[in-house]
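Here is the structure we will look at.
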Amino acid sequence: ALLAAFSMGPLSGVGVCLIKNLVHLLATSTGGVGELSNFLLGAAFVLPAGLFYKYRKNRMGAFLGALVGAVFMALASLPVNYFITYPFYTLLMPLDAILGLYQAINPNVHSLLDALIWFNIPFTLCKGLLSVAVTFLIYKRISPILKGR
């Protein structure tokens, strides 16, 4: 999706996120909630990255845009998880049980908001930064294909 956002524009990157999650809906085990969350966070990543790169079309613009996108995705993970993902999961498992899993790692977690701040936001940021690294490792090699050469 990040490659699509850089090579064909930010909306193309969002389109890749949408198509990926629609395809995954055929084999979901989350009732569509995981796919909705993944789409929203993916869009929060590639849209700002693609927009930044659109106005600064060089390697540094791509890098800064991708970093901005990773930060946006990490910040968006708070409301997406708080209002969409975890309310669904608490239908399957009590919130106390979920918090107990977090507390086994960090006893300072006392609420869902604590868990999201201590675990989900940093995890999502690391996931975004890993995507940035992989994109930069492969972009140069596949750039001619993306540009139709």
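Chain labels run A, B, ... following the order of the structure tokens; each chain numbers its residues from 1, and ligands are numbered from 1 in the order shown.
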
Tell me which protein, DNA and RNA residues are within 9 Å of stretch 133-137 of chain A, counting only C-alpha atoms, leaving out same-chain ones fewer than 5 positions away, and put them as an NGL selection string. :A and (2-3 or 62-63 or 128)

Which stretch 82-139 of chain A residues have any atom within 9 Å of an atom of stretch 35-50 of chain A, and for each, what is the nearest pair of atoms with distance in Å to one decimal, counting only C-alpha atoms, rows sorted by chain and number, as a tab-separated table?
residue	atom	partner	partner_atom	distance
A:Ile84	CA	A:Ser37	CA	7.3
A:Thr85	CA	A:Ser37	CA	6.7
A:Thr124	CA	A:Leu41	CA	8.9
A:Gly128	CA	A:Phe45	CA	7.5

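Closest approach to A:Leu67 from the set A:Val14, A:Leu129, A:Pro79, A:Leu22 is made by A:Leu129, with distances taken over only C-alpha atoms.
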
Å distance separating atom CA of A:Tyr82 from atom CA of A:His24, one decimal place: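 Going from atom CA of A:Tyr82 over to atom CA of A:His24, I get 22.5 Å.
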
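When atom CA of A:Val33 is paired with atom CA of A:Phe88, their separation reads 7.3 Å.
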
Counting only C-alpha atoms, which of A:Cys17, A:Leu95, A:Ile145, A:Leu78 gets nearest to A:Ile121? A:Leu78

May I ask which of the residues A:Phe83, A:Val16, A:Ala74, A:Leu91 is the closest one to A:Ile117, counting only C-alpha atoms? A:Ala74

A:Asp114 surroundings by only C-alpha atoms, 12 Å radius, close-in-sequence under 4 positions cut, as a list in words: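 After dropping sequence-adjacent residues, the list is Leu78, Tyr82, Leu99, Tyr102, Gln103, Asn106, Pro107, Asn108, Val109, His110, Trp118, Phe119, Asn120 and Ile121 of chain A.
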
With only C-alpha atoms as the atoms that count, which of A:Val132, A:Gly61, A:Asn21, A:Ser111 lies nearest to A:Ile98?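 Going through A:Val132, A:Gly61, A:Asn21, A:Ser111 one by one, the smallest distance to A:Ile98 is for A:Ser111.
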
Would you pick out the contacts of A:Met8 at 10 Å or less, using only C-alpha atoms, so that residues sharing its chain but fewer than 3 positions from it are not included, and give the list as number ranges by chain? A: 2-5, 11-13, 50, 54, 146-147

Can you list, as a ChimeraX atom specification, every residue of stretch 79-108 of chain A that DSSP puts in helix (DSSP H, G or I)? /A:79-89,95-105

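With distances restricted to only C-alpha atoms, A:Ala1 is the closest residue to A:Ser131 from A:Ala104, A:Ala1, A:Val23, A:Leu75.
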
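Proximity of A:Met73, A:Pro10, A:Asn81, A:Arg59 to A:Gly34, computed with only C-alpha atoms, is greatest for A:Asn81.
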
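Picture a line from atom CA of A:Ser7 to atom CA of A:Leu64; it runs 15.6 Å.
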